[in-house]
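For reference, the structure discussed in these notes is given below.
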Amino acid sequence: MLCNHRLLIARHYSMKKALYIPLFFLVFIQTLAQKRHFCANAASDSIRLLKDPSRALKKARFEQTLQNFQGAGNARIGVADNEIIRIPVVVHVIHNQSSNAITGTNIPDEQIFSQIKVLNEDYRRKEGTMGYNNNPIGADTQIEFFLASKDPDGNPTTGITRHYNSATSFNLINDNDRQKLSNIVYWDSNKYLNIWVTAYRDPYIGYAEFPYAETIDGLGDEIVESLDGAFIDYRVFGKKTGTNIDGLYSFGRTATHEIGHWLGLIHTWGDEYCGTDYVEDTPQASGSNSTAFCKDMFSNCNGERTRNLIEDYMDYSPDSCMNIFTEGQKQRMRAVVELSQRRKRVVTYAKFQLPPSNTLAVALIPNPTTKDNIKVQVLLPDFQDFTISLTDIKGRNVYSESFTDYPSTIVTLKTYDLQAGTYIVNVTSKQERVAARLAIF
């Protein structure tokens, strides 16, 4: 890149057209500002392959098994192709804020909520969002994500954990560094999609474990369950909020891309020149869109010139370009969920987590309770604003708190100064209101 810029400078001076120089420097500055970062899956896989050459055979066996499964028409969950697959997520925020202040690597809840929202917009191809497309091969994958409502001990949770660690960054292509994060906090990968959010070293911003070995009976692998999940840099997590305000990766598509790997998708160019992603309806590509732009790119593979599907979430395009999973990618992901033992268990366990609700629903956990342990379970149809207020037996308002753009969740109220007695808890959304009686002892 710098060589090209030097050539341009020489050319401009030789032509003595000074009026072009400001334009050149504008392009140069823009290029520096749009720093490229990458998914760590291919690099990590290459390192593992050097350590264990038999992984190539394992990958081949995985693909053959998956292709046979799909060819038999089994790429479905349950009895219906249109059944929604729901995946419970736990976001582990690993931060270096010794005061536990919500700043820097200790990203705010709102940033996490925005990421879950983006995942559902992208995987569900929701109209009116950036995840929508009218491409004839585009698909609603019918896969949804939600923050877990129960922790491994069965207790209510927000699906977010926060842990201090003095390290300033971690190496994404190193199994040992990922294991360090898992040693800090890990929830059973048979029940949750773990996402570790922290600072990772350039140039990598995301990684997710691929479901190779645990998909096929009798196929061993050196990767332990505690590494099964996604790892996303805190600077590209969420959409236009918190630590991810601007830049190429500010729309939350890094997580969309990495979780695609977790669900068995491969980069569109197959990580090699004119490679394969084993999906029939994605055009073969000679490489990735490793530019800062959304311009058309073309490949010439097997003597055929085709346009790259730069809009695909499994390319390296900037976030603003991306808006498509294809029908073939949808069927591959659903087949992987059926074949992969851990992925299938996660989907099954989701039925015991907080579901979305067609209407506003409220429960108090527990009830009766103490004044410092009032938890309100709020079930919502989608992300919504709502307010929780408490009134005493005389009808006086004694507490009120508002929540913006929340999914179904469990909220712990800050009601430390309340007296023992009976109260009415009112939960009000834009269109509905639900009241419940609470006893404090």
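Every chain in the structure tokens has a letter given in the order shown (A, B, ...), and although residue numbers restart at 1 in each chain, ligands are simply numbered from 1 in the order shown.
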
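Residues in contact with region 390-399 of chain A at 6 Å, where only C-alpha atoms are counted and same-chain residues fewer than 2 positions away are skipped, are listed as Tyr423, Ile424 and Val425 of chain A.
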
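In the backbone-derived DSSP annotation, alpha helix (DSSP H) within region 274-419 of chain A comprises Glu327, Gly328, Gln329, Lys330, Gln331, Arg332, Met333, Arg334, Ala335, Val336, Val337, Glu338, Leu339, Gln341, Arg342, Arg343, Lys344, Arg345, Val346, Val347, Thr348 and Tyr349 of chain A.
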
- Which residues, written as a PyMOL selection string, have at least one atom at most 8 Å from region 169-183 of chain A, with only C-alpha atoms counted and residues fewer than 4 positions away on the same chain left out? chain A and resi 40-41+43-44+94+196+198-201+204-207+226-227+231

Selected residues written out with N, CA, C and O atoms, as a short mmCIF file (atom, residue, chain, number, x, y, z; two decimals), in the first residue's frame:
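As a result, again-v2.cif now contains:
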data_model
loop_
_atom_site.label_atom_id
_atom_site.label_comp_id
_atom_site.auth_asym_id
_atom_site.auth_seq_id
_atom_site.Cartn_x
_atom_site.Cartn_y
_atom_site.Cartn_z
N ALA A 40 -9.72 -14.20 13.37
CA ALA A 40 -8.55 -15.01 13.71
C ALA A 40 -8.72 -16.49 13.40
O ALA A 40 -7.80 -17.28 13.64
N ASN A 41 -9.86 -16.89 12.85
CA ASN A 41 -10.11 -18.32 12.67
C ASN A 41 -9.11 -19.00 11.75
O ASN A 41 -8.60 -20.08 12.05
N ALA A 43 -6.04 -18.07 10.85
CA ALA A 43 -4.69 -18.09 11.42
C ALA A 43 -4.58 -19.13 12.53
O ALA A 43 -3.61 -19.89 12.61
N SER A 44 -5.60 -19.18 13.40
CA SER A 44 -5.58 -20.14 14.49
C SER A 44 -5.65 -21.57 13.96
O SER A 44 -4.95 -22.47 14.46
N ILE A 94 -14.45 -9.06 30.28
CA ILE A 94 -13.18 -9.14 31.00
C ILE A 94 -12.50 -7.78 30.87
O ILE A 94 -12.09 -7.39 29.78
N TRP A 196 -16.69 -14.01 25.05
CA TRP A 196 -15.74 -13.29 25.88
C TRP A 196 -15.39 -11.98 25.19
O TRP A 196 -14.85 -11.96 24.08
N THR A 198 -13.29 -8.51 25.42
CA THR A 198 -12.16 -7.85 26.07
C THR A 198 -11.29 -7.22 24.99
O THR A 198 -11.72 -7.11 23.84
N ALA A 199 -10.08 -6.81 25.35
CA ALA A 199 -9.14 -6.23 24.38
C ALA A 199 -8.27 -7.33 23.80
O ALA A 199 -7.63 -8.08 24.55
N TYR A 200 -8.24 -7.42 22.47
CA TYR A 200 -7.39 -8.40 21.78
C TYR A 200 -6.35 -7.66 20.93
O TYR A 200 -6.57 -6.54 20.51
N ARG A 201 -5.25 -8.34 20.69
CA ARG A 201 -4.13 -7.70 20.01
C ARG A 201 -4.35 -7.65 18.49
O ARG A 201 -4.84 -8.60 17.89
N TYR A 204 -6.24 -8.81 14.94
CA TYR A 204 -7.42 -9.67 15.04
C TYR A 204 -8.45 -9.10 16.02
O TYR A 204 -8.11 -8.63 17.10
N ILE A 205 -9.70 -9.17 15.61
CA ILE A 205 -10.78 -8.61 16.43
C ILE A 205 -11.86 -9.63 16.79
O ILE A 205 -12.76 -9.32 17.56
N GLY A 206 -11.78 -10.84 16.23
CA GLY A 206 -12.81 -11.83 16.54
C GLY A 206 -12.39 -13.24 16.22
O GLY A 206 -11.52 -13.47 15.37
N TYR A 207 -12.98 -14.17 16.93
CA TYR A 207 -12.72 -15.60 16.73
C TYR A 207 -13.89 -16.37 17.32
O TYR A 207 -14.51 -15.94 18.29
N SER A 226 -14.26 -25.99 27.24
CA SER A 226 -14.20 -24.66 27.86
C SER A 226 -13.73 -23.58 26.89
O SER A 226 -13.80 -22.39 27.22
N LEU A 227 -13.26 -23.94 25.70
CA LEU A 227 -12.88 -22.95 24.69
C LEU A 227 -13.98 -22.76 23.65
O LEU A 227 -13.82 -21.96 22.73
N PHE A 231 -15.10 -14.99 20.77
CA PHE A 231 -14.22 -14.01 21.41
C PHE A 231 -14.24 -12.76 20.54
O PHE A 231 -13.81 -12.80 19.39
#

Which of region 176-265 of chain A fall in strand (DSSP E), as a PyMOL selection string = chain A and resi 193-198+204-208+229-233

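The space separating CA of Thr369 (chain A) from CA of Gln419 (chain A) comes to 11.8 Å.
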
Item to complete: Quick one: everything within 9 Å of Tyr249 (chain A), counting only C-alpha atoms, minus sequence neighbours fewer than 6 positions away in the same chain. Send it as a ChimeraX atom specification.
Response: /A:37,235-237,239,318-320

Writing out the chosen residues with N, CA, C and O atoms as a PDB file, in the first residue's frame:
ATOM      1  N   HIS A  37      -8.838  -4.876  10.125  1.00  0.00           N
ATOM      2  CA  HIS A  37      -8.650  -5.919  11.125  1.00  0.00           C
ATOM      3  C   HIS A  37      -9.280  -7.206  10.593  1.00  0.00           C
ATOM      4  O   HIS A  37     -10.057  -7.179   9.653  1.00  0.00           O
ATOM      5  N   ARG A 235     -13.889  -3.175  21.231  1.00  0.00           N
ATOM      6  CA  ARG A 235     -14.005  -1.985  20.389  1.00  0.00           C
ATOM      7  C   ARG A 235     -14.885  -2.196  19.168  1.00  0.00           C
ATOM      8  O   ARG A 235     -15.190  -1.237  18.446  1.00  0.00           O
ATOM      9  N   VAL A 236     -15.293  -3.445  18.892  1.00  0.00           N
ATOM     10  CA  VAL A 236     -16.160  -3.719  17.739  1.00  0.00           C
ATOM     11  C   VAL A 236     -17.426  -4.445  18.172  1.00  0.00           C
ATOM     12  O   VAL A 236     -18.167  -4.960  17.333  1.00  0.00           O
ATOM     13  N   PHE A 237     -17.697  -4.485  19.459  1.00  0.00           N
ATOM     14  CA  PHE A 237     -18.877  -5.180  19.983  1.00  0.00           C
ATOM     15  C   PHE A 237     -20.014  -4.181  20.100  1.00  0.00           C
ATOM     16  O   PHE A 237     -19.857  -3.081  20.608  1.00  0.00           O
ATOM     17  N   LYS A 239     -23.372  -1.868  18.513  1.00  0.00           N
ATOM     18  CA  LYS A 239     -23.621  -0.976  17.372  1.00  0.00           C
ATOM     19  C   LYS A 239     -23.710   0.475  17.811  1.00  0.00           C
ATOM     20  O   LYS A 239     -24.617   0.853  18.565  1.00  0.00           O
ATOM     21  N   PRO A 318     -16.442  -4.251   5.123  1.00  0.00           N
ATOM     22  CA  PRO A 318     -16.851  -3.383   6.227  1.00  0.00           C
ATOM     23  C   PRO A 318     -18.279  -3.692   6.659  1.00  0.00           C
ATOM     24  O   PRO A 318     -19.093  -4.173   5.862  1.00  0.00           O
ATOM     25  N   ASP A 319     -18.585  -3.406   7.897  1.00  0.00           N
ATOM     26  CA  ASP A 319     -19.919  -3.711   8.437  1.00  0.00           C
ATOM     27  C   ASP A 319     -21.048  -3.141   7.591  1.00  0.00           C
ATOM     28  O   ASP A 319     -22.101  -3.763   7.435  1.00  0.00           O
ATOM     29  N   SER A 320     -20.838  -1.933   7.062  1.00  0.00           N
ATOM     30  CA  SER A 320     -21.914  -1.263   6.325  1.00  0.00           C
ATOM     31  C   SER A 320     -22.261  -1.968   5.024  1.00  0.00           C
ATOM     32  O   SER A 320     -23.336  -1.734   4.457  1.00  0.00           O
TER      33      SER A 320
END

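Residues with any atom within 9 Å of Ser400 (chain A), counting only C-alpha atoms and excluding same-chain neighbours fewer than 4 positions away, are Thr387, Ile388, Ser389 and Leu390 of chain A.
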
Identify, on the basis of only C-alpha atoms, every residue whose closest approach to Glu110 (chain A) does not exceed 12 Å; exclude the query and any residue fewer than 3 positions from it along the same chain; express the result as number ranges by chain. A: 102, 106-107, 113-117, 160, 237-244, 383, 403-407

Per-residue nearest contacts of region 254-318 of chain A to region 339-360 of chain A (10 Å; only C-alpha atoms) as a tab-separated table:
residue	atom	partner	partner_atom	distance
A:Trp262	CA	A:Arg343	CA	8.9
A:Leu263	CA	A:Arg343	CA	7.9
A:Gly264	CA	A:Ser340	CA	9.4

Please produce an output containing N, CA and C atoms for each residue in the selection, written as a PDB file, in the first residue's frame.
ATOM      1  N   TRP A 262     -19.166 -20.226  14.512  1.00  0.00           N
ATOM      2  CA  TRP A 262     -19.624 -21.088  15.614  1.00  0.00           C
ATOM      3  C   TRP A 262     -20.743 -22.023  15.139  1.00  0.00           C
ATOM      4  N   LEU A 263     -21.493 -21.554  14.146  1.00  0.00           N
ATOM      5  CA  LEU A 263     -22.582 -22.357  13.578  1.00  0.00           C
ATOM      6  C   LEU A 263     -22.147 -23.116  12.321  1.00  0.00           C
ATOM      7  N   GLY A 264     -20.833 -23.156  12.055  1.00  0.00           N
ATOM      8  CA  GLY A 264     -20.321 -24.022  10.995  1.00  0.00           C
ATOM      9  C   GLY A 264     -20.088 -23.393   9.650  1.00  0.00           C
TER      10      GLY A 264
END

Env of Val362 (chain A): 10 Å cut, atoms = only C-alpha atoms, seq-sep filter 6 positions within chain, self excluded. Answer as a ChimeraX atom specification. /A:376-380,410,425-427,433-436

Since we have the selection now, will you write its residues out, keeping all heavy atoms, as a compact mmCIF listing (two decimals), in the first residue's frame?
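File selection-v2.txt, as written:
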# COMPACT_ATOMS: atom_id res chain seq x y z
N VAL A 376 -37.23 -8.43 39.50
CA VAL A 376 -38.45 -8.40 38.67
C VAL A 376 -38.12 -9.01 37.31
O VAL A 376 -37.25 -8.52 36.59
CB VAL A 376 -38.96 -6.96 38.49
CG1 VAL A 376 -40.26 -6.96 37.67
CG2 VAL A 376 -39.17 -6.28 39.83
N GLN A 377 -38.81 -10.09 37.00
CA GLN A 377 -38.66 -10.71 35.67
C GLN A 377 -39.64 -10.06 34.72
O GLN A 377 -40.85 -10.05 34.97
CB GLN A 377 -38.92 -12.21 35.76
CG GLN A 377 -38.90 -12.92 34.40
CD GLN A 377 -39.23 -14.39 34.51
OE1 GLN A 377 -38.41 -15.18 34.94
NE2 GLN A 377 -40.44 -14.75 34.10
N VAL A 378 -39.12 -9.49 33.64
CA VAL A 378 -39.95 -8.80 32.65
C VAL A 378 -39.79 -9.51 31.31
O VAL A 378 -38.70 -9.57 30.76
CB VAL A 378 -39.53 -7.32 32.52
CG1 VAL A 378 -40.42 -6.61 31.52
CG2 VAL A 378 -39.57 -6.62 33.88
N LEU A 379 -40.89 -10.05 30.81
CA LEU A 379 -40.90 -10.69 29.50
C LEU A 379 -41.51 -9.74 28.49
O LEU A 379 -42.59 -9.18 28.71
CB LEU A 379 -41.69 -12.00 29.53
CG LEU A 379 -41.23 -13.08 30.52
CD1 LEU A 379 -42.06 -14.35 30.33
CD2 LEU A 379 -39.75 -13.38 30.34
N LEU A 380 -40.80 -9.56 27.36
CA LEU A 380 -41.22 -8.60 26.34
C LEU A 380 -41.25 -9.28 24.97
O LEU A 380 -40.52 -10.25 24.73
CB LEU A 380 -40.24 -7.43 26.28
CG LEU A 380 -40.09 -6.61 27.56
CD1 LEU A 380 -38.79 -5.82 27.55
CD2 LEU A 380 -41.28 -5.67 27.71
N ILE A 410 -34.21 -9.87 33.70
CA ILE A 410 -34.48 -9.85 35.13
C ILE A 410 -33.74 -8.67 35.72
O ILE A 410 -32.53 -8.53 35.53
CB ILE A 410 -34.03 -11.16 35.80
CG1 ILE A 410 -34.87 -12.33 35.29
CG2 ILE A 410 -34.16 -11.05 37.32
CD1 ILE A 410 -34.43 -13.68 35.80
N VAL A 425 -46.03 -3.48 42.54
CA VAL A 425 -45.01 -3.26 41.51
C VAL A 425 -45.72 -3.06 40.18
O VAL A 425 -46.48 -3.93 39.73
CB VAL A 425 -44.06 -4.46 41.43
CG1 VAL A 425 -43.04 -4.25 40.31
CG2 VAL A 425 -43.36 -4.69 42.76
N ASN A 426 -45.49 -1.91 39.55
CA ASN A 426 -46.09 -1.61 38.27
C ASN A 426 -45.01 -1.61 37.19
O ASN A 426 -44.01 -0.91 37.31
CB ASN A 426 -46.76 -0.23 38.31
CG ASN A 426 -47.85 -0.14 39.35
OD1 ASN A 426 -48.92 -0.71 39.18
ND2 ASN A 426 -47.57 0.56 40.45
N VAL A 427 -45.22 -2.40 36.15
CA VAL A 427 -44.31 -2.41 35.01
C VAL A 427 -45.09 -1.89 33.81
O VAL A 427 -46.12 -2.45 33.43
CB VAL A 427 -43.76 -3.83 34.73
CG1 VAL A 427 -42.81 -3.80 33.54
CG2 VAL A 427 -43.05 -4.38 35.97
N ARG A 433 -49.42 -2.37 30.59
CA ARG A 433 -49.08 -2.16 31.99
C ARG A 433 -49.50 -3.39 32.77
O ARG A 433 -50.60 -3.92 32.60
CB ARG A 433 -49.78 -0.92 32.55
CG ARG A 433 -49.53 -0.66 34.02
CD ARG A 433 -50.23 0.63 34.45
NE ARG A 433 -50.11 0.87 35.87
CZ ARG A 433 -50.94 0.38 36.78
NH1 ARG A 433 -51.97 -0.38 36.40
NH2 ARG A 433 -50.76 0.64 38.07
N VAL A 434 -48.60 -3.88 33.64
CA VAL A 434 -48.87 -5.05 34.47
C VAL A 434 -48.52 -4.70 35.91
O VAL A 434 -47.49 -4.07 36.18
CB VAL A 434 -48.06 -6.27 34.01
CG1 VAL A 434 -48.25 -7.44 34.99
CG2 VAL A 434 -48.48 -6.69 32.61
N ALA A 435 -49.38 -5.11 36.85
CA ALA A 435 -49.16 -4.86 38.28
C ALA A 435 -49.06 -6.17 39.03
O ALA A 435 -49.72 -7.15 38.68
CB ALA A 435 -50.27 -3.99 38.86
N ALA A 436 -48.21 -6.21 40.04
CA ALA A 436 -48.06 -7.40 40.88
C ALA A 436 -47.84 -6.98 42.32
O ALA A 436 -47.22 -5.94 42.60
CB ALA A 436 -46.88 -8.26 40.39

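Minimum atom-to-atom distance to Asn120 (chain A), evaluated using only C-alpha atoms, belongs to A:Gln142 out of A:Gln142, A:Asn134, A:Thr268, A:Thr103.
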
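You can rank A:Ser149, A:Asn155, A:Thr256, A:Thr141 by their closest distance to Tyr192 (chain A) using only C-alpha atoms, and at the top of that list sits A:Ser149.
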
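Distance-wise, CA of Thr415 (chain A) and CA of Asn100 (chain A) end up 21.6 Å apart.
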